[in-house]
Amino acid sequence: MEFHTFCDLNVWRVCGKMRIWTVLLLFLLLKSDVNVVYCGSDYLVGLGSYDITGPAADVNLMGYAKTEQLASGIHFRLRSRAFIVAASKGNRVVFVNLDACMASQIVTIKVIERLKARYGDLYTENNVVISATHTHSGPGGYLQYFVYIITSYGFVRQSFDVIVDGIEKSIVQAHENLRPGSIFVDKGELLDAGVNRSPSAYLNNPASERSKYKYDVDKEMTLLKFVDDEWGPVGSFNWFATHATSMGHKNSLISGDNKGAASRFMEDWFERKDSGRMDSDILGNDGSPQRISNIIPGLRDNHHELLELAVSFQSPPGRPTTKTSSVTKRVRGAPRNVDKPRFVAAFCQPNSGDVSPNVLGAFCLDTGLPCHFNHSTCGGRNELCYSQGPGYPDEFESTRIIGERQFKKAVDLFNAADEEIKGEVDFRHTYIDLSKLEVTISDQGADKVVKTCPAAMGFASAAGTTDGPGSFDFKQGDNKGNPFWKLVRNLVKTLTRKQIDCQHPKPILLDTGEMNVPYEWAPSILPIQILRVGQFVILCIPGEISTMAGRRLRDAVKTILSSHKDFENVHIVITSLSNAYSQYATTYEEYYVQRYEGGSTLYGPHTLSAYIQEFKKLAKALISGQPVKPGPLPPNLLNKQVSLLPPVVVDGTPFGVNFGDVYSDVPQNSAFKSGDIVSASFWSACPRNDLMTEGTFALVEFLQGKDTWVPAYDDDDFCLRFKWSRRFKLSPMSKATIEWRIPQGVTHGVYRISHFGAAKGLFGSINHFTGSSSAFVVVA
């Protein structure tokens with residue numbers, strides 16, 4: 001694809017007098033294979049979004065490493081959100097943000113393969129970044145290294161495929177939406193959405209360094225606003241540091257956590273704003289938008305008449321349907337304007353490695369007292385130490401509150417953004433081998449060369465965090481280790497003295513970098529990357545990075561870039577969990593404390609120094625216009641993957657019962673009000689049979705007139721929960737329970753709850769079905 005600009009043509013100065021140039025311009029505009037950059041726009045801008053919700057049953061949720069935490073429904077759906085910025089000189093960058101725990105190296109490899117097959121060399125590993133929000137409530141099994149898929153019983157092809165497909169489709173959308181536009185940036189403080197969960201480690205950083213900062217976590221949100229020249233605002237991406245761990249390890253519903261919730265809230269806010277319906281019910285107390293207008297012809301205000309009308313709609317038997325039915329009934333995904341894409345809002349993750357959204361602090365469940373400051377234990381054990389979110393003990397409420405706080409700050413920045421991004425689009429990317437990288441550091445004024453180590457997990461990594469404690473007798477802040485677990489470790493892999501000394505003072509629990517049965521347990525070759533859009537620079541890290549470590553990295557890169565005139569007012573953000581996953585990077589001083597983050601810093605105490613050294617090289621290449629060597633290529637382990645997750649064999653119902661029949665109905669002649677919970681259960685089938693991508697398993701419908709049911713809320717709404725369970729373990733019979741927490745400001749009237757599903761027959765056929773509850777009334 002080729003770019004053409006008329007801004008520098010001398011003949012353009014007299015184009016008003018020469019009709020031939022006008023005709024030529026119109027001809028070029030109409031050609032489908034040519035993008036035209038207008039004189040008034042520095043960039044082409046395109047955004048896209050696509051469903052990546054994985055299997056909602058049987059698959060381990062990724063993040064807390066709890067084998068018993070299996071998906072059994074959906075809180076709200078997961079998405080891939082992408083933006084593309086292309087400059088007049090031809091350079092372009094792609095940034096993808098996933099509602100997922102982390103990016104996966106094998107996912108990135110496969111996505112790049114597909115993009116190259118579709119677009120040639122337009123999109124490659126050099127200019128495409130795939131990052132994640134770090135929700136701990138998304139299905140696992142999509143990473144290629146063995147240690148990260150143990151708890152999901154190996155590789156889960158369904159998880160992998162839906163993420164790869166969704167990323168590709170979101171990028172394709174963004175590409176097809178490319179149009180002349182502008183980008184604006186703003187930043188501001190958000191004080192009540194994150195706290196440091198490892199303060200004892202942070203305090204080990206030099207006092208002189210800590211004194212430069214007001215807080216022990218970064219409180220600043222940075223936002224990009226994308227504006228189409230014709231359509232106006234089309235999206236925003238922001239970076240704010242807080243873990244997506246408002247939902248705890250006992251949750252079994254797929255959820256985008258606080259970051260995903262914030263995206264929902266902002267996209268719904270803009271939809272209402274753009275449609276001109278900015279009444280007081282933009283978002284209810286549960287963060288849900290009002291879907292149905294209060295001004296509906298034929299809506300009866302008489303309560304008794306509504307009840308009589310509702311009683312006339314009894315639950316019908318379940319019935320067969322088509323695969324596309326749940327897509328056409330979907331609320332959020334319904335097209336609003338075929339000419340204008342839907343607004344995309346992404347909430348990205350920077351240096352949040354030691355930042356918790358559970359802002360009330362960590363307390364012991366048995367005593368209510370604060371946990372031990374250095375070890376986060378209660379009576380010497382970690383299992384009872386939990387951090388509390390602002391909605392404690394309701395984790396859904398905590399998710400809503402932290403998501404809403406980020407959403408409101410993002411709206412403030414979005415509305416105020418007036419600094420326009422100007423300048424070149426550029427990028428640098430390389431692979432580095434962090435298992436043996438030589439790093440030059442200054443030690444008391446003299447340079448010395450040290451090396452990083454093969455990956456290893458410390459004892460503290462098994463202790464978990466206050467967001468999700470581990471098991472057994474592991475604890476944070478342990479730099480000695482336990483004799484029993486050392487014995488167990490040695491049965492798996494005997495350590496060498498070289499590795500012990502290299503990782504010191506981390507006591508090694510698992511020497512993952514030197515374990516390769518059945519295949520590699522941990523990565524060694526990792527990508528690092530810089531994207532530049534004008535004065536905005538994104539540093540892409542293949543893991544999580546702590547607050548102070550992120551500050552050091554940003555400062556080091558800023559020192560390099562600021563020497564060039566084009567970067568005098570540079571904005572630098574870190575995007576973590578990008579392109580691959582390699583756990584944590586802390587400062588040298590934090591590593592020595594061996595809290596969870598230090599114990600999970602795989603490549604030894606000089607990991608951060610290695611990142612800083614290599615990012616400085618990329619920054620120098622960026623300002624000098626020089627290329628960088630690609631580095632050693634990472635392995636593609638897709639064909640080596642092992643999966644122990646059994647397939648769905650068959651679904652069944654009792655004799656005389658159809659799939660979709662009501663199992664437990666809404667009480668007849670019932671009325672509810674805002675804040676109430678209405679639920680209905682249906683005879684169902686395993687959600688793994690069809691992920692209902694861009695569709696829905698659950699639906700709340702509103703009665704308009706006498707017999708027209710209008711979709712009002714689906715399983716992508718914060719207020720609607722789809723829960724699935726078997727009658728007993730390994731049973732082919734199952735039920736789906738749909739809970740609707742009626743939002744504030746909901747339109748009064750008659751409603752019903754519907755369920756969509758797909759059942760697997762004995763010989764492997766997939767049969768779609770639907771069912772609906774009896775109707776009920778929602779009153780004031």
# chains A, B, ... in the order shown; residues from 1 in each chain; ligands from 1
>>> select_by_dssp(residues="segment 107-331 of chain A", states="strand (DSSP E or B)", output="NGL selection string")
:A and (128-132 or 138-139 or 154 or 179-189 or 195-196 or 220-228 or 232-239 or 254 or 319-320)
>>> write_last_selection(atoms="C-alpha atoms", output="compact mmCIF listing (two decimals), in the first residue's frame")
# COMPACT_ATOMS: atom_id res chain seq x y z
CA VAL A 128 3.09 -4.38 15.96
CA VAL A 129 2.70 -4.49 19.75
CA ILE A 130 0.31 -6.84 21.53
CA SER A 131 -0.14 -6.04 25.22
CA ALA A 132 -2.57 -7.10 27.96
CA GLY A 138 -9.55 -14.85 31.68
CA PRO A 139 -9.12 -18.45 30.45
CA GLY A 154 -1.61 -27.95 29.33
CA ARG A 179 -8.74 7.77 7.73
CA PRO A 180 -7.13 11.18 8.13
CA GLY A 181 -7.19 12.22 11.77
CA SER A 182 -5.46 13.83 14.71
CA ILE A 183 -4.18 12.62 18.07
CA PHE A 184 -4.15 14.54 21.34
CA VAL A 185 -2.53 13.76 24.68
CA ASP A 186 -3.27 14.70 28.27
CA LYS A 187 -2.29 13.43 31.70
CA GLY A 188 -3.47 13.84 35.27
CA GLU A 189 -3.42 12.28 38.73
CA VAL A 195 -1.64 1.17 46.44
CA ASN A 196 1.76 -0.48 46.81
CA GLU A 220 -0.56 9.57 36.82
CA MET A 221 -2.82 8.53 33.97
CA THR A 222 -1.71 9.36 30.43
CA LEU A 223 -4.33 9.36 27.67
CA LEU A 224 -4.31 9.49 23.88
CA LYS A 225 -7.42 10.83 22.17
CA PHE A 226 -8.02 9.85 18.54
CA VAL A 227 -10.07 12.22 16.39
CA ASP A 228 -11.20 11.50 12.85
CA GLY A 232 -14.79 13.44 15.30
CA PRO A 233 -13.57 11.39 18.30
CA VAL A 234 -13.28 7.68 17.55
CA GLY A 235 -11.43 6.36 20.58
CA SER A 236 -8.93 6.70 23.38
CA PHE A 237 -6.16 4.59 24.91
CA ASN A 238 -4.77 5.37 28.35
CA TRP A 239 -2.09 4.05 30.67
CA ILE A 254 -14.72 -14.73 32.94
CA ARG A 319 -36.39 -24.60 20.87
CA PRO A 320 -33.73 -25.07 18.18
>>> residues_around(residues="Pro542 of chain A", least_positions_apart="4", cutoff="12 Å", atoms="only C-alpha atoms", output="JSON, numbers by chain")
{"A": [102, 103, 104, 105, 108, 129, 130, 131, 132, 349, 350, 351, 430, 431, 432, 434, 523, 524, 525, 526, 527, 528, 529, 574, 575, 576, 577, 578, 579, 580, 581, 582, 583, 584, 585, 611]}
>>> write_last_selection(atoms="N, CA, C and O atoms", output="CSV table (one decimal), in the first residue's frame")
chain,number,residue,atom,x,y,z
A,102,MET,N,-1.9,-11.8,30.1
A,102,MET,CA,-0.7,-11.4,29.6
A,102,MET,C,-0.6,-11.7,28.1
A,102,MET,O,-1.4,-12.5,27.6
A,103,ALA,N,0.3,-11.1,27.4
A,103,ALA,CA,0.5,-11.4,26.0
A,103,ALA,C,1.3,-12.8,26.0
A,103,ALA,O,1.9,-13.2,26.9
A,104,SER,N,1.2,-13.4,24.9
A,104,SER,CA,1.8,-14.8,24.7
A,104,SER,C,2.7,-14.7,23.5
A,104,SER,O,2.3,-14.3,22.4
A,105,GLN,N,3.9,-15.3,23.7
A,105,GLN,CA,4.9,-15.3,22.6
A,105,GLN,C,4.4,-16.0,21.4
A,105,GLN,O,4.5,-15.6,20.2
A,108,THR,N,1.7,-14.0,19.6
A,108,THR,CA,2.3,-13.0,18.8
A,108,THR,C,2.9,-13.5,17.5
A,108,THR,O,2.7,-13.0,16.4
A,129,VAL,N,2.6,-4.2,18.3
A,129,VAL,CA,2.7,-4.5,19.7
A,129,VAL,C,1.4,-5.1,20.2
A,129,VAL,O,0.3,-4.6,19.9
A,130,ILE,N,1.5,-6.2,20.9
A,130,ILE,CA,0.3,-6.8,21.5
A,130,ILE,C,0.5,-6.9,23.0
A,130,ILE,O,1.4,-7.5,23.5
A,131,SER,N,-0.3,-6.1,23.8
A,131,SER,CA,-0.1,-6.0,25.2
A,131,SER,C,-1.4,-6.5,25.9
A,131,SER,O,-2.4,-6.8,25.2
A,132,ALA,N,-1.4,-6.6,27.2
A,132,ALA,CA,-2.6,-7.1,28.0
A,132,ALA,C,-2.9,-6.2,29.2
A,132,ALA,O,-2.0,-5.5,29.7
A,349,GLN,N,-1.9,-1.2,30.7
A,349,GLN,CA,-1.2,-1.5,31.9
A,349,GLN,C,0.3,-1.1,31.8
A,349,GLN,O,1.1,-1.6,31.0
A,350,PRO,N,0.8,0.0,32.6
A,350,PRO,CA,2.2,0.3,32.6
A,350,PRO,C,2.9,-0.4,33.7
A,350,PRO,O,2.9,-1.6,33.8
A,351,ASN,N,3.7,0.4,34.5
A,351,ASN,CA,4.5,-0.3,35.6
A,351,ASN,C,3.7,-0.5,36.8
A,351,ASN,O,3.9,0.2,37.8
A,430,THR,N,13.8,-5.5,18.8
A,430,THR,CA,14.9,-6.5,18.8
A,430,THR,C,14.6,-7.6,19.8
A,430,THR,O,13.7,-7.4,20.7
A,431,TYR,N,15.2,-8.8,19.6
A,431,TYR,CA,15.1,-9.9,20.5
A,431,TYR,C,16.4,-9.9,21.3
A,431,TYR,O,17.5,-9.7,20.8
A,432,ILE,N,16.3,-10.2,22.6
A,432,ILE,CA,17.5,-10.3,23.5
A,432,ILE,C,17.4,-11.6,24.2
A,432,ILE,O,16.3,-12.1,24.5
A,434,LEU,N,17.9,-13.0,27.5
A,434,LEU,CA,18.0,-12.6,28.9
A,434,LEU,C,18.6,-13.7,29.8
A,434,LEU,O,18.8,-13.4,31.0
A,523,PRO,N,10.8,-18.8,29.1
A,523,PRO,CA,11.5,-18.2,27.9
A,523,PRO,C,12.9,-17.7,28.3
A,523,PRO,O,13.2,-17.4,29.4
A,524,SER,N,13.8,-17.6,27.3
A,524,SER,CA,15.1,-17.0,27.4
A,524,SER,C,15.2,-15.8,26.4
A,524,SER,O,15.7,-14.8,26.7
A,525,ILE,N,14.7,-16.0,25.2
A,525,ILE,CA,14.7,-15.0,24.2
A,525,ILE,C,13.4,-14.2,24.2
A,525,ILE,O,12.4,-14.8,24.0
A,526,LEU,N,13.6,-12.9,24.4
A,526,LEU,CA,12.4,-12.1,24.6
A,526,LEU,C,12.5,-10.8,23.7
A,526,LEU,O,13.6,-10.3,23.4
A,527,PRO,N,11.3,-10.3,23.3
A,527,PRO,CA,11.3,-9.0,22.5
A,527,PRO,C,11.2,-7.8,23.4
A,527,PRO,O,10.6,-7.8,24.4
A,528,ILE,N,11.9,-6.8,22.9
A,528,ILE,CA,11.7,-5.4,23.5
A,528,ILE,C,11.5,-4.5,22.3
A,528,ILE,O,12.0,-4.7,21.2
A,529,GLN,N,10.8,-3.4,22.6
A,529,GLN,CA,10.3,-2.6,21.4
A,529,GLN,C,10.0,-1.2,21.9
A,529,GLN,O,9.6,-0.9,23.0
A,574,ILE,N,5.2,3.3,29.7
A,574,ILE,CA,5.6,1.9,29.6
A,574,ILE,C,4.3,1.1,29.4
A,574,ILE,O,3.3,1.4,30.0
A,575,THR,N,4.4,0.1,28.5
A,575,THR,CA,3.3,-0.8,28.4
A,575,THR,C,3.8,-2.2,28.7
A,575,THR,O,4.7,-2.7,28.0
A,576,SER,N,3.4,-2.8,29.8
A,576,SER,CA,3.9,-4.0,30.2
A,576,SER,C,3.1,-5.2,29.6
A,576,SER,O,2.2,-5.0,28.9
A,577,LEU,N,3.6,-6.4,29.9
A,577,LEU,CA,2.9,-7.6,29.4
A,577,LEU,C,2.7,-7.6,27.9
A,577,LEU,O,1.7,-8.0,27.4
A,578,SER,N,3.8,-7.3,27.2
A,578,SER,CA,3.7,-7.1,25.8
A,578,SER,C,4.5,-8.1,25.0
A,578,SER,O,5.6,-8.4,25.3
A,579,ASN,N,3.8,-8.7,24.0
A,579,ASN,CA,4.4,-9.6,23.0
A,579,ASN,C,4.8,-11.0,23.5
A,579,ASN,O,4.9,-11.9,22.8
A,580,ALA,N,5.1,-11.0,24.8
A,580,ALA,CA,5.6,-12.3,25.4
A,580,ALA,C,5.4,-12.1,26.9
A,580,ALA,O,5.0,-11.0,27.4
A,581,TYR,N,5.7,-13.1,27.7
A,581,TYR,CA,5.6,-13.0,29.2
A,581,TYR,C,6.7,-13.7,29.8
A,581,TYR,O,7.1,-14.8,29.5
A,582,SER,N,7.3,-12.9,30.8
A,582,SER,CA,8.5,-13.4,31.5
A,582,SER,C,8.5,-13.0,33.0
A,582,SER,O,9.5,-12.7,33.6
A,583,GLN,N,7.3,-12.8,33.5
A,583,GLN,CA,7.1,-12.5,34.9
A,583,GLN,C,7.6,-11.1,35.2
A,583,GLN,O,7.2,-10.1,34.5
A,584,TYR,N,8.5,-10.9,36.2
A,584,TYR,CA,8.7,-9.5,36.8
A,584,TYR,C,10.1,-9.0,36.5
A,584,TYR,O,11.0,-9.7,36.2
A,585,ALA,N,10.2,-7.6,36.7
A,585,ALA,CA,11.5,-6.9,36.8
A,585,ALA,C,11.4,-5.9,37.9
A,585,ALA,O,10.5,-5.0,37.9
A,611,TYR,N,17.4,-4.5,30.9
A,611,TYR,CA,16.4,-3.8,30.2
A,611,TYR,C,16.8,-2.4,29.9
A,611,TYR,O,16.6,-1.9,28.7
>>> residues_around(residues="Arg552 of chain A", least_positions_apart="6", cutoff="10 Å", atoms="only C-alpha atoms", output="PDB file with N, CA and C atoms, in the first residue's frame")
ATOM      1  N   GLU A 209      16.429   8.611  46.186  1.00  0.00           N
ATOM      2  CA  GLU A 209      15.600   8.347  45.002  1.00  0.00           C
ATOM      3  C   GLU A 209      14.125   8.443  45.362  1.00  0.00           C
ATOM      4  N   LYS A 558      14.375   8.676  28.590  1.00  0.00           N
ATOM      5  CA  LYS A 558      14.124  10.106  28.402  1.00  0.00           C
ATOM      6  C   LYS A 558      15.431  10.880  28.298  1.00  0.00           C
ATOM      7  N   THR A 587      13.753  -3.403  40.854  1.00  0.00           N
ATOM      8  CA  THR A 587      15.065  -2.788  41.022  1.00  0.00           C
ATOM      9  C   THR A 587      16.002  -3.771  41.725  1.00  0.00           C
ATOM     10  N   LEU A 608      16.683  -5.628  35.587  1.00  0.00           N
ATOM     11  CA  LEU A 608      16.319  -4.262  35.225  1.00  0.00           C
ATOM     12  C   LEU A 608      17.459  -3.548  34.511  1.00  0.00           C
ATOM     13  N   SER A 609      18.675  -3.719  34.990  1.00  0.00           N
ATOM     14  CA  SER A 609      19.828  -3.089  34.333  1.00  0.00           C
ATOM     15  C   SER A 609      19.957  -3.555  32.887  1.00  0.00           C
ATOM     16  N   ILE A 612      17.293  -1.693  30.880  1.00  0.00           N
ATOM     17  CA  ILE A 612      17.679  -0.291  30.687  1.00  0.00           C
ATOM     18  C   ILE A 612      18.774  -0.185  29.629  1.00  0.00           C
TER      19      ILE A 612
END
>>> closest_residue(among="A:Thr653, A:Ser731, A:Gln158, A:Asn60", to="Asn689 of chain A", atoms="only C-alpha atoms")
A:Gln158
>>> residues_around(residues="Ile112 of chain A", least_positions_apart="2", cutoff="9 Å", atoms="only C-alpha atoms", output="PDB file with N, CA, C and O atoms, in the first residue's frame")
ATOM      1  N   VAL A 107       1.224 -16.613  20.593  1.00  0.00           N
ATOM      2  CA  VAL A 107       0.121 -15.845  20.012  1.00  0.00           C
ATOM      3  C   VAL A 107       0.675 -14.752  19.105  1.00  0.00           C
ATOM      4  O   VAL A 107       0.203 -14.554  17.977  1.00  0.00           O
ATOM      5  N   THR A 108       1.696 -14.034  19.593  1.00  0.00           N
ATOM      6  CA  THR A 108       2.304 -12.969  18.793  1.00  0.00           C
ATOM      7  C   THR A 108       2.886 -13.530  17.499  1.00  0.00           C
ATOM      8  O   THR A 108       2.691 -12.954  16.420  1.00  0.00           O
ATOM      9  N   ILE A 109       3.574 -14.644  17.595  1.00  0.00           N
ATOM     10  CA  ILE A 109       4.161 -15.272  16.398  1.00  0.00           C
ATOM     11  C   ILE A 109       3.074 -15.598  15.384  1.00  0.00           C
ATOM     12  O   ILE A 109       3.197 -15.314  14.183  1.00  0.00           O
ATOM     13  N   LYS A 110       1.976 -16.192  15.856  1.00  0.00           N
ATOM     14  CA  LYS A 110       0.907 -16.609  14.949  1.00  0.00           C
ATOM     15  C   LYS A 110       0.186 -15.399  14.349  1.00  0.00           C
ATOM     16  O   LYS A 110      -0.150 -15.395  13.151  1.00  0.00           O
ATOM     17  N   ARG A 114      -0.127 -14.311  10.309  1.00  0.00           N
ATOM     18  CA  ARG A 114      -1.389 -14.023   9.605  1.00  0.00           C
ATOM     19  C   ARG A 114      -1.362 -12.639   8.963  1.00  0.00           C
ATOM     20  O   ARG A 114      -1.850 -12.455   7.846  1.00  0.00           O
ATOM     21  N   LEU A 115      -0.822 -11.675   9.675  1.00  0.00           N
ATOM     22  CA  LEU A 115      -0.758 -10.320   9.124  1.00  0.00           C
ATOM     23  C   LEU A 115       0.139 -10.267   7.896  1.00  0.00           C
ATOM     24  O   LEU A 115      -0.171  -9.575   6.909  1.00  0.00           O
ATOM     25  N   LYS A 116       1.247 -10.994   7.933  1.00  0.00           N
ATOM     26  CA  LYS A 116       2.147 -11.027   6.772  1.00  0.00           C
ATOM     27  C   LYS A 116       1.478 -11.710   5.583  1.00  0.00           C
ATOM     28  O   LYS A 116       1.653 -11.286   4.431  1.00  0.00           O
ATOM     29  N   ALA A 117       0.691 -12.763   5.858  1.00  0.00           N
ATOM     30  CA  ALA A 117      -0.020 -13.434   4.775  1.00  0.00           C
ATOM     31  C   ALA A 117      -1.074 -12.524   4.157  1.00  0.00           C
ATOM     32  O   ALA A 117      -1.351 -12.588   2.952  1.00  0.00           O
ATOM     33  N   TYR A 123       2.724  -5.012   8.150  1.00  0.00           N
ATOM     34  CA  TYR A 123       2.667  -5.200   9.600  1.00  0.00           C
ATOM     35  C   TYR A 123       3.533  -6.402   9.976  1.00  0.00           C
ATOM     36  O   TYR A 123       3.273  -7.527   9.544  1.00  0.00           O
ATOM     37  N   THR A 124       4.562  -6.140  10.771  1.00  0.00           N
ATOM     38  CA  THR A 124       5.500  -7.187  11.178  1.00  0.00           C
ATOM     39  C   THR A 124       5.741  -7.088  12.679  1.00  0.00           C
ATOM     40  O   THR A 124       5.181  -6.227  13.357  1.00  0.00           O
ATOM     41  N   GLU A 125       6.603  -7.971  13.181  1.00  0.00           N
ATOM     42  CA  GLU A 125       6.946  -7.909  14.602  1.00  0.00           C
ATOM     43  C   GLU A 125       7.624  -6.588  14.966  1.00  0.00           C
ATOM     44  O   GLU A 125       7.656  -6.207  16.144  1.00  0.00           O
ATOM     45  N   VAL A 128       4.320  -3.921  15.311  1.00  0.00           N
ATOM     46  CA  VAL A 128       3.087  -4.384  15.955  1.00  0.00           C
ATOM     47  C   VAL A 128       3.380  -4.727  17.415  1.00  0.00           C
ATOM     48  O   VAL A 128       4.317  -5.482  17.709  1.00  0.00           O
ATOM     49  N   GLU A 168      -6.333 -10.565  15.293  1.00  0.00           N
ATOM     50  CA  GLU A 168      -6.262 -10.326  13.854  1.00  0.00           C
ATOM     51  C   GLU A 168      -7.455  -9.495  13.382  1.00  0.00           C
ATOM     52  O   GLU A 168      -7.291  -8.519  12.642  1.00  0.00           O
TER      53      GLU A 168
END
>>> residues_around(residues="Phe536 of chain A", least_positions_apart="4", cutoff="6 Å", atoms="only C-alpha atoms", output="list in words")
Arg532, Val570 and His571 of chain A
>>> write_last_selection(atoms="all heavy atoms", output="PDB file, in the first residue's frame")
ATOM      1  N   ARG A 532       7.100   5.058  18.393  1.00  0.00           N
ATOM      2  CA  ARG A 532       7.060   6.516  18.470  1.00  0.00           C
ATOM      3  C   ARG A 532       5.945   7.047  17.574  1.00  0.00           C
ATOM      4  O   ARG A 532       5.851   6.677  16.400  1.00  0.00           O
ATOM      5  CB  ARG A 532       8.387   7.126  18.007  1.00  0.00           C
ATOM      6  CG  ARG A 532       8.324   8.662  17.990  1.00  0.00           C
ATOM      7  CD  ARG A 532       9.365   9.306  17.125  1.00  0.00           C
ATOM      8  NE  ARG A 532       9.167  10.763  17.078  1.00  0.00           N
ATOM      9  CZ  ARG A 532       9.879  11.599  16.353  1.00  0.00           C
ATOM     10  NH1 ARG A 532      10.867  11.142  15.597  1.00  0.00           N
ATOM     11  NH2 ARG A 532       9.612  12.897  16.359  1.00  0.00           N
ATOM     12  N   VAL A 570       8.844  15.261  25.210  1.00  0.00           N
ATOM     13  CA  VAL A 570       8.440  13.880  24.992  1.00  0.00           C
ATOM     14  C   VAL A 570       7.568  13.352  26.139  1.00  0.00           C
ATOM     15  O   VAL A 570       7.769  13.678  27.310  1.00  0.00           O
ATOM     16  CB  VAL A 570       9.688  12.987  24.813  1.00  0.00           C
ATOM     17  CG1 VAL A 570      10.520  12.923  26.093  1.00  0.00           C
ATOM     18  CG2 VAL A 570       9.292  11.584  24.356  1.00  0.00           C
ATOM     19  N   HIS A 571       6.581  12.558  25.789  1.00  0.00           N
ATOM     20  CA  HIS A 571       5.770  11.804  26.746  1.00  0.00           C
ATOM     21  C   HIS A 571       6.174  10.337  26.610  1.00  0.00           C
ATOM     22  O   HIS A 571       6.086   9.770  25.509  1.00  0.00           O
ATOM     23  CB  HIS A 571       4.277  11.946  26.449  1.00  0.00           C
ATOM     24  CG  HIS A 571       3.774  13.348  26.502  1.00  0.00           C
ATOM     25  ND1 HIS A 571       3.318  13.945  27.657  1.00  0.00           N
ATOM     26  CD2 HIS A 571       3.648  14.291  25.522  1.00  0.00           C
ATOM     27  CE1 HIS A 571       2.924  15.174  27.396  1.00  0.00           C
ATOM     28  NE2 HIS A 571       3.125  15.419  26.109  1.00  0.00           N
TER      29      HIS A 571
END
>>> residues_around(residues="Lys219 of chain A", least_positions_apart="3", cutoff="8 Å", atoms="only C-alpha atoms", output="PyMOL selection string")
chain A and resi 189-191+194+215+240-241
>>> decode(residues="segment 386-396 of chain A", atoms="N, CA, C and O atoms", output="mmCIF file, in the first residue's frame")
data_model
loop_
_atom_site.group_PDB
_atom_site.id
_atom_site.type_symbol
_atom_site.label_atom_id
_atom_site.label_comp_id
_atom_site.auth_asym_id
_atom_site.auth_seq_id
_atom_site.Cartn_x
_atom_site.Cartn_y
_atom_site.Cartn_z
ATOM 1 N N TYR A 386 -5.177 -11.189 53.135
ATOM 2 C CA TYR A 386 -5.823 -10.744 51.897
ATOM 3 C C TYR A 386 -5.959 -9.231 51.903
ATOM 4 O O TYR A 386 -6.277 -8.627 52.927
ATOM 5 N N SER A 387 -5.760 -8.663 50.715
ATOM 6 C CA SER A 387 -6.014 -7.229 50.571
ATOM 7 C C SER A 387 -7.492 -7.003 50.264
ATOM 8 O O SER A 387 -8.166 -7.869 49.698
ATOM 9 N N GLN A 388 -7.969 -5.827 50.627
ATOM 10 C CA GLN A 388 -9.396 -5.536 50.516
ATOM 11 C C GLN A 388 -9.629 -4.374 49.552
ATOM 12 O O GLN A 388 -9.020 -3.313 49.675
ATOM 13 N N GLY A 389 -10.546 -4.611 48.625
ATOM 14 C CA GLY A 389 -10.923 -3.571 47.685
ATOM 15 C C GLY A 389 -11.950 -2.635 48.291
ATOM 16 O O GLY A 389 -12.488 -2.883 49.376
ATOM 17 N N PRO A 390 -12.265 -1.534 47.616
ATOM 18 C CA PRO A 390 -13.168 -0.530 48.182
ATOM 19 C C PRO A 390 -14.595 -1.021 48.370
ATOM 20 O O PRO A 390 -15.365 -0.413 49.108
ATOM 21 N N GLY A 391 -14.962 -2.128 47.713
ATOM 22 C CA GLY A 391 -16.297 -2.682 47.891
ATOM 23 C C GLY A 391 -16.323 -3.907 48.780
ATOM 24 O O GLY A 391 -17.326 -4.624 48.812
ATOM 25 N N TYR A 392 -15.237 -4.160 49.499
ATOM 26 C CA TYR A 392 -15.092 -5.364 50.316
ATOM 27 C C TYR A 392 -16.325 -5.564 51.196
ATOM 28 O O TYR A 392 -16.820 -4.603 51.792
ATOM 29 N N PRO A 393 -16.836 -6.812 51.287
ATOM 30 C CA PRO A 393 -16.305 -8.073 50.745
ATOM 31 C C PRO A 393 -16.808 -8.438 49.351
ATOM 32 O O PRO A 393 -16.572 -9.561 48.894
ATOM 33 N N ASP A 394 -17.524 -7.536 48.688
ATOM 34 C CA ASP A 394 -18.082 -7.819 47.373
ATOM 35 C C ASP A 394 -17.058 -7.460 46.297
ATOM 36 O O ASP A 394 -16.836 -6.286 45.987
ATOM 37 N N GLU A 395 -16.421 -8.474 45.688
ATOM 38 C CA GLU A 395 -15.368 -8.213 44.706
ATOM 39 C C GLU A 395 -15.929 -7.642 43.397
ATOM 40 O O GLU A 395 -15.231 -6.907 42.688
ATOM 41 N N PHE A 396 -17.178 -7.940 43.087
ATOM 42 C CA PHE A 396 -17.794 -7.330 41.910
ATOM 43 C C PHE A 396 -17.947 -5.820 42.115
ATOM 44 O O PHE A 396 -17.741 -5.031 41.196
#
